[in-house]
Amino acid sequence: MSKPPTEIRSDSPSRDFLWGAATSAYQIEGSPLADGAGPSIWHRFANTPGRVLNGDTGDIACDHYRRWHEDVALMAALGVNAYRFSVAWARILPEGTGRVNQAGLDFYRCLVDALLEQGIEPMLTLYHWDLPEALDTRGGWASDASPGWFADYAQVLYRALGDRVRLWITLNEPWVITAGGYLYGDLAPGHRSLHETPIVAHNLLRAHAAALASGRAEGIERIGLAVNLEPQYPASPSAEDIGATAHRDAFINRWFLDPVFLGRYPAEMETIFGSAWPRHSPSELDALRAPPDFIGVNYYSRSVVRADPTEQPVGARRVRQDARPHTAMDWEVYPQGLTDILLWIQGRYGNPPVYITENGAAFDDPPPVAGRLHDRQRVAYLRTHLRAASRALRRGVDLRGYFAWSLLDNFEWSYGYAKRFGLVHVDPVDRQRLIKDSGRFYRDAIRRYGRGP
Ligand SMILES: OC[C@@H]1[C@@H](O)[C@H](O)[C@@H](O)c2[nH]c(CCc3ccccc3)c[n+]21
């Protein structure tokens, strides 16, 4: 077990702006079946040969389930005043519904209490992709019953932690849950169905609305929705490219935010899905109107878009900007896209409160040398994106906080451990933690800009 950093936070930055780090349960915890937990779809998916690079699984991950106290000390050493994490549904309800597993609740209560003792604000994501296997067996998110399952699960957590946790997120990235899990199939549960996809999206929106209502009934005041947003720019001024860009913008950016804020789907969705797009009655659409108390923006990169009829179902494809820097995920480094997307939210949805709930980058880090890890590219990425966030703040965006993705190098879904996003290095053998230069940079930025970037 590594020596916890001795340096525990002394100066606490302003409480007004949250400077955090983010993780998710399956990506860091390990021990997926410990203490009565049930299996999730990611436990099954990762243990299915061929689904994850190098056969990696979350069976151990960062071993956070056993090292959580050390990780809270790391957060204190970094000087963060907030921590975004997700709860593994199947630790709380091993069968997805019904019987509550007290040991699961106890784990998260201990984590939250330790965070609060350090003056670190917990932000709890109810769902970050790890559906209980038992519910997938009953149809998963394609089931009409899924919103009820989710609202009941949320209520268990609201009642258990609502007196300690003030910031809640219903779903992490409904677009990725839908597109990754049901259209493209690269994420659990690995379906590839044009027909299922809009049904799943609709059920996720119903689930968000049901969990919001359930939270209101329990007196929970700050419930958000975290969405991956990727600004789309036409590759040329041609009508074809501008049309394709609008389609991709609807598909990625407006598909979920328009229903919850405006009570309608983007018009482009029916063109994209054709006969696979279901009929929705006015009352069904109005039932989706469930504006969150804040939007969690997960920003990584932008897309430059060209029309391409061979790229279905959108008829558009991303054009790689070869002249610009890219991360190890082959995502263009484009800080201005963060400013642009924050201003877009401000204009389209009436300047709602926003947290940047994920921003960060994977790079092929150099190995640690003499107890230091010089991840220069990640330092540059964070610096330029904090400046981009600052430009949006100065233009009146109601930006309440920034969460770096991620606290730790962790399980990067179908890439396994091959892609590292952490401010803190995790040794692949003994999982020893080592704060990278980017972690030190972030600590210094928090001290210097406490009230906001
Ligand atoms: O890929 C880095 C992170 C993941 O580790 C998080 O769990 C997830 O919330 C998240 N979302 C995005 C942006 C959307 C996206 C997800 C997966 C693959 C490609 C793009 C990037 N990330």
# chains A, B, ... in the order shown; residues from 1 in each chain; ligands from 1
>>> residues_around(residues="Tyr153 of chain A", least_positions_apart="6", cutoff="9 Å", atoms="only C-alpha atoms", output="count of residues only")
7
>>> residues_around(residues="Asp56 of chain A", least_positions_apart="6", cutoff="8 Å", atoms="only C-alpha atoms", output="JSON, numbers by chain")
{"A": [46, 416, 417]}
>>> write_last_selection(atoms="N, CA, C and O atoms", output="short mmCIF file (atom, residue, chain, number, x, y, z; two decimals), in the first residue's frame")
data_model
loop_
_atom_site.label_atom_id
_atom_site.label_comp_id
_atom_site.auth_asym_id
_atom_site.auth_seq_id
_atom_site.Cartn_x
_atom_site.Cartn_y
_atom_site.Cartn_z
N ALA A 46 -17.15 -7.04 -20.04
CA ALA A 46 -15.68 -7.04 -19.97
C ALA A 46 -15.14 -8.46 -19.85
O ALA A 46 -14.04 -8.76 -20.32
N GLY A 416 -9.89 -0.68 -22.26
CA GLY A 416 -9.25 -1.24 -21.06
C GLY A 416 -8.33 -0.21 -20.42
O GLY A 416 -8.68 0.96 -20.28
N TYR A 417 -7.11 -0.67 -20.05
CA TYR A 417 -6.16 0.21 -19.35
C TYR A 417 -5.15 0.82 -20.31
O TYR A 417 -4.16 1.43 -19.89
#
>>> residues_around(residues="Arg391 of chain A", least_positions_apart="2", cutoff="12 Å", atoms="only C-alpha atoms", output="PyMOL selection string")
chain A and resi 335-343+384-389+393-399+452-453
>>> closest_residue(among="A:Ala61, A:Ala90, A:Ala392, A:Ala188", to="Ala34 of chain A", atoms="only C-alpha atoms")
A:Ala90
>>> closest_residue(among="A:Tyr182, A:Tyr83, A:Phe107, A:Tyr349", to="Ala142 of chain A", atoms="only C-alpha atoms")
A:Tyr182
>>> closest_atom_pairs(of="chain A", to="ligand 1", cutoff="7 Å", atoms="only C-alpha atoms and all ligand atoms", output="CSV")
residue,atom,partner,partner_atom_place_in_ligand_line,distance
A:Ser24,CA,ligand 1,7 (O),6.3
A:Asn172,CA,ligand 1,9 (O),6.3
A:Glu173,CA,ligand 1,9 (O),6.5
A:Val176,CA,ligand 1,16 (C),5.9
A:Asn228,CA,ligand 1,14 (C),5.2
A:Asn298,CA,ligand 1,13 (C),6.2
A:Tyr299,CA,ligand 1,13 (C),6.6
A:Tyr300,CA,ligand 1,13 (C),6.1
A:Trp405,CA,ligand 1,3 (C),6.9
A:Glu412,CA,ligand 1,5 (O),5.1
A:Trp413,CA,ligand 1,5 (O),6.9
>>> atom_distance(atom1="atom CA of Phe45 of chain A", atom2="atom CA of Ala134 of chain A")
13.5 Å
>>> closest_residue(among="A:Arg431, A:Arg440, A:Arg84, A:Arg279", to="Ala404 of chain A", atoms="only C-alpha atoms")
A:Arg84
>>> select_by_dssp(residues="segment 84-315 of chain A", states="alpha helix (DSSP H)", output="ChimeraX atom specification")
/A:89-92,102-117,133-136,146-161,174-178,196-217,239-249,257-262,268-273,282-286
>>> write_last_selection(atoms="C-alpha atoms", output="short mmCIF file (atom, residue, chain, number, x, y, z; two decimals), in the first residue's frame")
data_model
loop_
_atom_site.label_atom_id
_atom_site.label_comp_id
_atom_site.auth_asym_id
_atom_site.auth_seq_id
_atom_site.Cartn_x
_atom_site.Cartn_y
_atom_site.Cartn_z
CA TRP A 89 -26.52 0.25 -8.94
CA ALA A 90 -25.91 -3.49 -8.45
CA ARG A 91 -24.09 -2.88 -5.13
CA ILE A 92 -27.27 -1.23 -3.82
CA GLN A 102 -26.90 -2.65 3.15
CA ALA A 103 -23.16 -3.29 2.66
CA GLY A 104 -23.37 -1.45 -0.66
CA LEU A 105 -25.03 1.57 0.91
CA ASP A 106 -22.46 1.49 3.74
CA PHE A 107 -19.55 1.70 1.28
CA TYR A 108 -20.86 4.89 -0.31
CA ARG A 109 -21.88 6.40 3.01
CA CYS A 110 -18.33 5.92 4.36
CA LEU A 111 -16.90 7.45 1.19
CA VAL A 112 -19.23 10.47 1.39
CA ASP A 113 -18.52 11.01 5.10
CA ALA A 114 -14.76 10.89 4.46
CA LEU A 115 -15.12 13.45 1.66
CA LEU A 116 -17.16 15.77 3.86
CA GLU A 117 -14.58 15.47 6.65
CA GLU A 133 -27.24 -7.65 -15.25
CA ALA A 134 -30.56 -8.82 -13.75
CA LEU A 135 -32.33 -5.85 -15.36
CA ASP A 136 -30.67 -6.35 -18.73
CA SER A 146 -36.84 0.75 -17.02
CA PRO A 147 -37.83 4.29 -15.94
CA GLY A 148 -39.64 2.83 -12.93
CA TRP A 149 -36.67 0.65 -12.01
CA PHE A 150 -34.39 3.69 -12.15
CA ALA A 151 -36.69 5.96 -10.13
CA ASP A 152 -36.97 3.31 -7.39
CA TYR A 153 -33.18 2.89 -7.29
CA ALA A 154 -32.74 6.67 -7.13
CA GLN A 155 -35.21 6.89 -4.24
CA VAL A 156 -33.20 4.34 -2.21
CA LEU A 157 -30.11 6.53 -2.61
CA TYR A 158 -31.91 9.84 -2.03
CA ARG A 159 -33.22 8.45 1.28
CA ALA A 160 -29.86 6.98 2.28
CA LEU A 161 -27.58 9.88 1.32
CA PRO A 174 -27.59 9.26 -22.29
CA TRP A 175 -26.24 9.66 -25.84
CA VAL A 176 -23.32 7.33 -25.18
CA ILE A 177 -25.52 4.86 -23.27
CA THR A 178 -27.78 4.80 -26.34
CA GLU A 196 -34.00 -0.33 -30.48
CA THR A 197 -31.93 2.87 -30.35
CA PRO A 198 -34.68 5.55 -30.28
CA ILE A 199 -36.71 3.39 -27.88
CA VAL A 200 -33.77 3.25 -25.46
CA ALA A 201 -33.20 7.00 -25.79
CA HIS A 202 -36.86 7.65 -25.00
CA ASN A 203 -36.75 5.38 -21.95
CA LEU A 204 -33.61 7.11 -20.69
CA LEU A 205 -35.35 10.46 -20.97
CA ARG A 206 -38.38 9.03 -19.12
CA ALA A 207 -35.98 7.62 -16.52
CA HIS A 208 -34.32 11.01 -16.03
CA ALA A 209 -37.72 12.65 -15.60
CA ALA A 210 -38.86 9.95 -13.16
CA ALA A 211 -35.68 10.23 -11.07
CA LEU A 212 -36.01 14.01 -11.03
CA ALA A 213 -39.59 13.74 -9.79
CA SER A 214 -38.56 11.14 -7.23
CA GLY A 215 -35.83 13.48 -5.99
CA ARG A 216 -38.20 16.40 -5.70
CA ALA A 217 -40.54 14.23 -3.60
CA ALA A 239 -25.18 23.17 -48.48
CA GLU A 240 -24.37 19.46 -48.16
CA ASP A 241 -21.79 19.96 -45.42
CA ILE A 242 -23.90 22.51 -43.56
CA GLY A 243 -26.88 20.14 -43.70
CA ALA A 244 -24.76 17.20 -42.52
CA THR A 245 -23.39 19.33 -39.67
CA ALA A 246 -26.90 20.21 -38.51
CA HIS A 247 -27.82 16.51 -38.54
CA ARG A 248 -24.77 15.54 -36.50
CA ASP A 249 -25.40 18.44 -34.12
CA LEU A 257 -31.29 18.39 -24.16
CA ASP A 258 -34.14 19.58 -26.40
CA PRO A 259 -36.69 17.14 -24.86
CA VAL A 260 -35.75 17.93 -21.24
CA PHE A 261 -35.68 21.71 -21.77
CA LEU A 262 -38.08 22.23 -24.69
CA GLU A 268 -33.68 16.03 -37.73
CA MET A 269 -34.19 12.83 -35.69
CA GLU A 270 -37.02 11.58 -37.89
CA THR A 271 -34.85 12.08 -40.98
CA ILE A 272 -31.91 10.29 -39.35
CA PHE A 273 -33.89 7.25 -38.15
CA PRO A 282 -47.88 15.28 -27.55
CA SER A 283 -48.43 14.04 -23.99
CA GLU A 284 -45.50 11.60 -24.30
CA LEU A 285 -43.26 14.45 -25.48
CA ASP A 286 -44.48 16.80 -22.80
#
>>> closest_residue(among="A:Ala250, A:Leu408, A:Val52, A:Ile220", to="Gln432 of chain A", atoms="only C-alpha atoms")
A:Leu408
>>> closest_residue(among="A:Ser193, A:Asn359, A:Thr170, A:Gln312", to="Leu423 of chain A", atoms="only C-alpha atoms")
A:Asn359
>>> select_by_dssp(residues="segment 280-378 of chain A", states="strand (DSSP E or B)", output="JSON, numbers by chain")
{"A": [294, 295, 296, 297, 298, 303, 304, 305, 306, 307, 316, 317, 318, 326, 332, 354, 355, 356, 357, 358, 359, 369, 372]}
>>> residues_around(residues="Ile345 of chain A", least_positions_apart="5", cutoff="10 Å", atoms="only C-alpha atoms", output="list in words")
Leu229, Asn253, Leu257, Ile295, Val297, Asp340, Gly350, Asn351, Pro352, Pro353, Val354 and Val397 of chain A
>>> residues_around(residues="Ala316 of chain A", least_positions_apart="3", cutoff="7 Å", atoms="only C-alpha atoms", output="list of chain:residue names")
A:Ala244, A:Arg248, A:Val305, A:Arg306, A:Ala307, A:Asp308, A:Pro309, A:Glu311
>>> write_last_selection(atoms="all heavy atoms", output="PDB file, in the first residue's frame")
ATOM      1  N   ALA A 244     -25.299  18.346 -43.260  1.00  0.00           N
ATOM      2  CA  ALA A 244     -24.762  17.204 -42.522  1.00  0.00           C
ATOM      3  C   ALA A 244     -24.343  17.615 -41.116  1.00  0.00           C
ATOM      4  O   ALA A 244     -24.538  16.881 -40.147  1.00  0.00           O
ATOM      5  CB  ALA A 244     -23.566  16.628 -43.274  1.00  0.00           C
ATOM      6  N   ARG A 248     -25.651  16.096 -37.534  1.00  0.00           N
ATOM      7  CA  ARG A 248     -24.769  15.540 -36.502  1.00  0.00           C
ATOM      8  C   ARG A 248     -24.911  16.325 -35.192  1.00  0.00           C
ATOM      9  O   ARG A 248     -24.810  15.760 -34.100  1.00  0.00           O
ATOM     10  CB  ARG A 248     -23.310  15.562 -36.987  1.00  0.00           C
ATOM     11  CG  ARG A 248     -22.460  14.481 -36.356  1.00  0.00           C
ATOM     12  CD  ARG A 248     -21.210  14.200 -37.165  1.00  0.00           C
ATOM     13  NE  ARG A 248     -20.496  13.050 -36.651  1.00  0.00           N
ATOM     14  CZ  ARG A 248     -19.588  13.099 -35.670  1.00  0.00           C
ATOM     15  NH1 ARG A 248     -19.305  14.272 -35.098  1.00  0.00           N
ATOM     16  NH2 ARG A 248     -18.989  12.014 -35.251  1.00  0.00           N
ATOM     17  N   VAL A 305     -17.190  18.520 -39.851  1.00  0.00           N
ATOM     18  CA  VAL A 305     -18.142  17.562 -40.442  1.00  0.00           C
ATOM     19  C   VAL A 305     -18.273  17.742 -41.956  1.00  0.00           C
ATOM     20  O   VAL A 305     -18.407  18.849 -42.458  1.00  0.00           O
ATOM     21  CB  VAL A 305     -19.530  17.730 -39.788  1.00  0.00           C
ATOM     22  CG1 VAL A 305     -20.545  16.761 -40.411  1.00  0.00           C
ATOM     23  CG2 VAL A 305     -19.438  17.527 -38.276  1.00  0.00           C
ATOM     24  N   ARG A 306     -18.261  16.592 -42.622  1.00  0.00           N
ATOM     25  CA  ARG A 306     -18.515  16.573 -44.065  1.00  0.00           C
ATOM     26  C   ARG A 306     -19.678  15.638 -44.339  1.00  0.00           C
ATOM     27  O   ARG A 306     -19.828  14.611 -43.672  1.00  0.00           O
ATOM     28  CB  ARG A 306     -17.246  16.065 -44.773  1.00  0.00           C
ATOM     29  CG  ARG A 306     -17.309  16.122 -46.290  1.00  0.00           C
ATOM     30  CD  ARG A 306     -16.039  15.629 -46.974  1.00  0.00           C
ATOM     31  NE  ARG A 306     -14.811  16.338 -46.573  1.00  0.00           N
ATOM     32  CZ  ARG A 306     -14.499  17.576 -46.913  1.00  0.00           C
ATOM     33  NH1 ARG A 306     -15.372  18.295 -47.626  1.00  0.00           N
ATOM     34  NH2 ARG A 306     -13.364  18.140 -46.529  1.00  0.00           N
ATOM     35  N   ALA A 307     -20.502  15.972 -45.333  1.00  0.00           N
ATOM     36  CA  ALA A 307     -21.595  15.073 -45.733  1.00  0.00           C
ATOM     37  C   ALA A 307     -20.988  13.781 -46.275  1.00  0.00           C
ATOM     38  O   ALA A 307     -20.003  13.807 -47.001  1.00  0.00           O
ATOM     39  CB  ALA A 307     -22.465  15.736 -46.804  1.00  0.00           C
ATOM     40  N   ASP A 308     -21.626  12.662 -45.888  1.00  0.00           N
ATOM     41  CA  ASP A 308     -21.150  11.368 -46.368  1.00  0.00           C
ATOM     42  C   ASP A 308     -22.285  10.366 -46.291  1.00  0.00           C
ATOM     43  O   ASP A 308     -22.551   9.782 -45.233  1.00  0.00           O
ATOM     44  CB  ASP A 308     -19.968  10.876 -45.537  1.00  0.00           C
ATOM     45  CG  ASP A 308     -19.418   9.543 -46.070  1.00  0.00           C
ATOM     46  OD1 ASP A 308     -20.101   8.921 -46.904  1.00  0.00           O
ATOM     47  OD2 ASP A 308     -18.323   9.135 -45.636  1.00  0.00           O
ATOM     48  N   PRO A 309     -22.990  10.125 -47.403  1.00  0.00           N
ATOM     49  CA  PRO A 309     -24.144   9.199 -47.401  1.00  0.00           C
ATOM     50  C   PRO A 309     -23.782   7.781 -46.972  1.00  0.00           C
ATOM     51  O   PRO A 309     -24.641   7.023 -46.552  1.00  0.00           O
ATOM     52  CB  PRO A 309     -24.615   9.236 -48.859  1.00  0.00           C
ATOM     53  CG  PRO A 309     -24.021  10.468 -49.452  1.00  0.00           C
ATOM     54  CD  PRO A 309     -22.736  10.709 -48.729  1.00  0.00           C
ATOM     55  N   GLU A 311     -22.032   7.086 -44.415  1.00  0.00           N
ATOM     56  CA  GLU A 311     -21.928   7.025 -42.941  1.00  0.00           C
ATOM     57  C   GLU A 311     -23.333   7.047 -42.358  1.00  0.00           C
ATOM     58  O   GLU A 311     -23.901   8.103 -42.105  1.00  0.00           O
ATOM     59  CB  GLU A 311     -21.129   8.218 -42.405  1.00  0.00           C
ATOM     60  CG  GLU A 311     -19.638   8.066 -42.481  1.00  0.00           C
ATOM     61  CD  GLU A 311     -19.105   7.019 -41.494  1.00  0.00           C
ATOM     62  OE1 GLU A 311     -19.560   7.020 -40.337  1.00  0.00           O
ATOM     63  OE2 GLU A 311     -18.266   6.205 -41.897  1.00  0.00           O
TER      64      GLU A 311
END
>>> residues_around(residues="segment 163-168 of chain A", least_positions_apart="5", cutoff="7 Å", atoms="only C-alpha atoms", output="NGL selection string")
:A and (122-125 or 222-224)
>>> write_last_selection(atoms="N, CA and C atoms", output="PDB file, in the first residue's frame")
ATOM      1  N   PRO A 122     -19.297  16.170  -2.340  1.00  0.00           N
ATOM      2  CA  PRO A 122     -19.571  15.030  -3.226  1.00  0.00           C
ATOM      3  C   PRO A 122     -20.597  15.389  -4.295  1.00  0.00           C
ATOM      4  N   MET A 123     -20.354  14.969  -5.519  1.00  0.00           N
ATOM      5  CA  MET A 123     -21.346  15.044  -6.602  1.00  0.00           C
ATOM      6  C   MET A 123     -21.593  13.605  -7.045  1.00  0.00           C
ATOM      7  N   LEU A 124     -22.803  13.116  -6.818  1.00  0.00           N
ATOM      8  CA  LEU A 124     -23.118  11.699  -6.994  1.00  0.00           C
ATOM      9  C   LEU A 124     -23.847  11.473  -8.301  1.00  0.00           C
ATOM     10  N   THR A 125     -23.257  10.658  -9.178  1.00  0.00           N
ATOM     11  CA  THR A 125     -23.913  10.247 -10.423  1.00  0.00           C
ATOM     12  C   THR A 125     -24.624   8.929 -10.169  1.00  0.00           C
ATOM     13  N   ARG A 222     -30.805  19.824  -5.892  1.00  0.00           N
ATOM     14  CA  ARG A 222     -29.917  20.108  -7.027  1.00  0.00           C
ATOM     15  C   ARG A 222     -29.605  18.809  -7.772  1.00  0.00           C
ATOM     16  N   ILE A 223     -30.413  18.578  -8.795  1.00  0.00           N
ATOM     17  CA  ILE A 223     -30.305  17.354  -9.592  1.00  0.00           C
ATOM     18  C   ILE A 223     -30.008  17.745 -11.042  1.00  0.00           C
ATOM     19  N   GLY A 224     -28.907  17.213 -11.544  1.00  0.00           N
ATOM     20  CA  GLY A 224     -28.478  17.572 -12.902  1.00  0.00           C
ATOM     21  C   GLY A 224     -28.524  16.403 -13.853  1.00  0.00           C
TER      22      GLY A 224
END
>>> residues_around(residues="Pro368 of chain A", least_positions_apart="6", cutoff="9 Å", atoms="only C-alpha atoms", output="PyMOL selection string")
chain A and resi 374+425+434+436
>>> atom_distance(atom1="atom CA of Pro313 of chain A", atom2="atom CA of Met329 of chain A")
23.0 Å
>>> decode(residues="segment 317-345 of chain A", atoms="C-alpha atoms", output="mmCIF file, in the first residue's frame")
data_model
loop_
_atom_site.group_PDB
_atom_site.id
_atom_site.type_symbol
_atom_site.label_atom_id
_atom_site.label_comp_id
_atom_site.auth_asym_id
_atom_site.auth_seq_id
_atom_site.Cartn_x
_atom_site.Cartn_y
_atom_site.Cartn_z
ATOM 1 C CA ARG A 317 -18.645 11.985 -40.879
ATOM 2 C CA ARG A 318 -15.919 13.597 -38.830
ATOM 3 C CA VAL A 319 -12.990 14.974 -40.882
ATOM 4 C CA ARG A 320 -9.678 14.525 -39.049
ATOM 5 C CA GLN A 321 -7.822 17.845 -38.675
ATOM 6 C CA ASP A 322 -4.367 16.428 -39.384
ATOM 7 C CA ALA A 323 -2.589 19.756 -38.881
ATOM 8 C CA ARG A 324 -3.754 20.013 -35.275
ATOM 9 C CA PRO A 325 -2.701 18.137 -32.118
ATOM 10 C CA HIS A 326 -4.679 15.045 -31.133
ATOM 11 C CA THR A 327 -4.884 13.002 -27.941
ATOM 12 C CA ALA A 328 -4.188 9.271 -27.593
ATOM 13 C CA MET A 329 -7.927 8.740 -28.310
ATOM 14 C CA ASP A 330 -7.322 10.486 -31.661
ATOM 15 C CA TRP A 331 -9.527 13.375 -30.514
ATOM 16 C CA GLU A 332 -8.497 16.817 -31.746
ATOM 17 C CA VAL A 333 -7.292 19.173 -29.023
ATOM 18 C CA TYR A 334 -9.617 22.163 -29.534
ATOM 19 C CA PRO A 335 -10.134 24.333 -26.424
ATOM 20 C CA GLN A 336 -12.251 26.922 -28.241
ATOM 21 C CA GLY A 337 -14.900 24.237 -28.645
ATOM 22 C CA LEU A 338 -15.457 24.323 -24.883
ATOM 23 C CA THR A 339 -16.102 28.082 -24.951
ATOM 24 C CA ASP A 340 -18.368 27.675 -27.987
ATOM 25 C CA ILE A 341 -20.458 24.868 -26.494
ATOM 26 C CA LEU A 342 -20.908 26.691 -23.172
ATOM 27 C CA LEU A 343 -22.108 29.801 -25.032
ATOM 28 C CA TRP A 344 -24.391 27.594 -27.134
ATOM 29 C CA ILE A 345 -26.057 26.227 -23.993
#
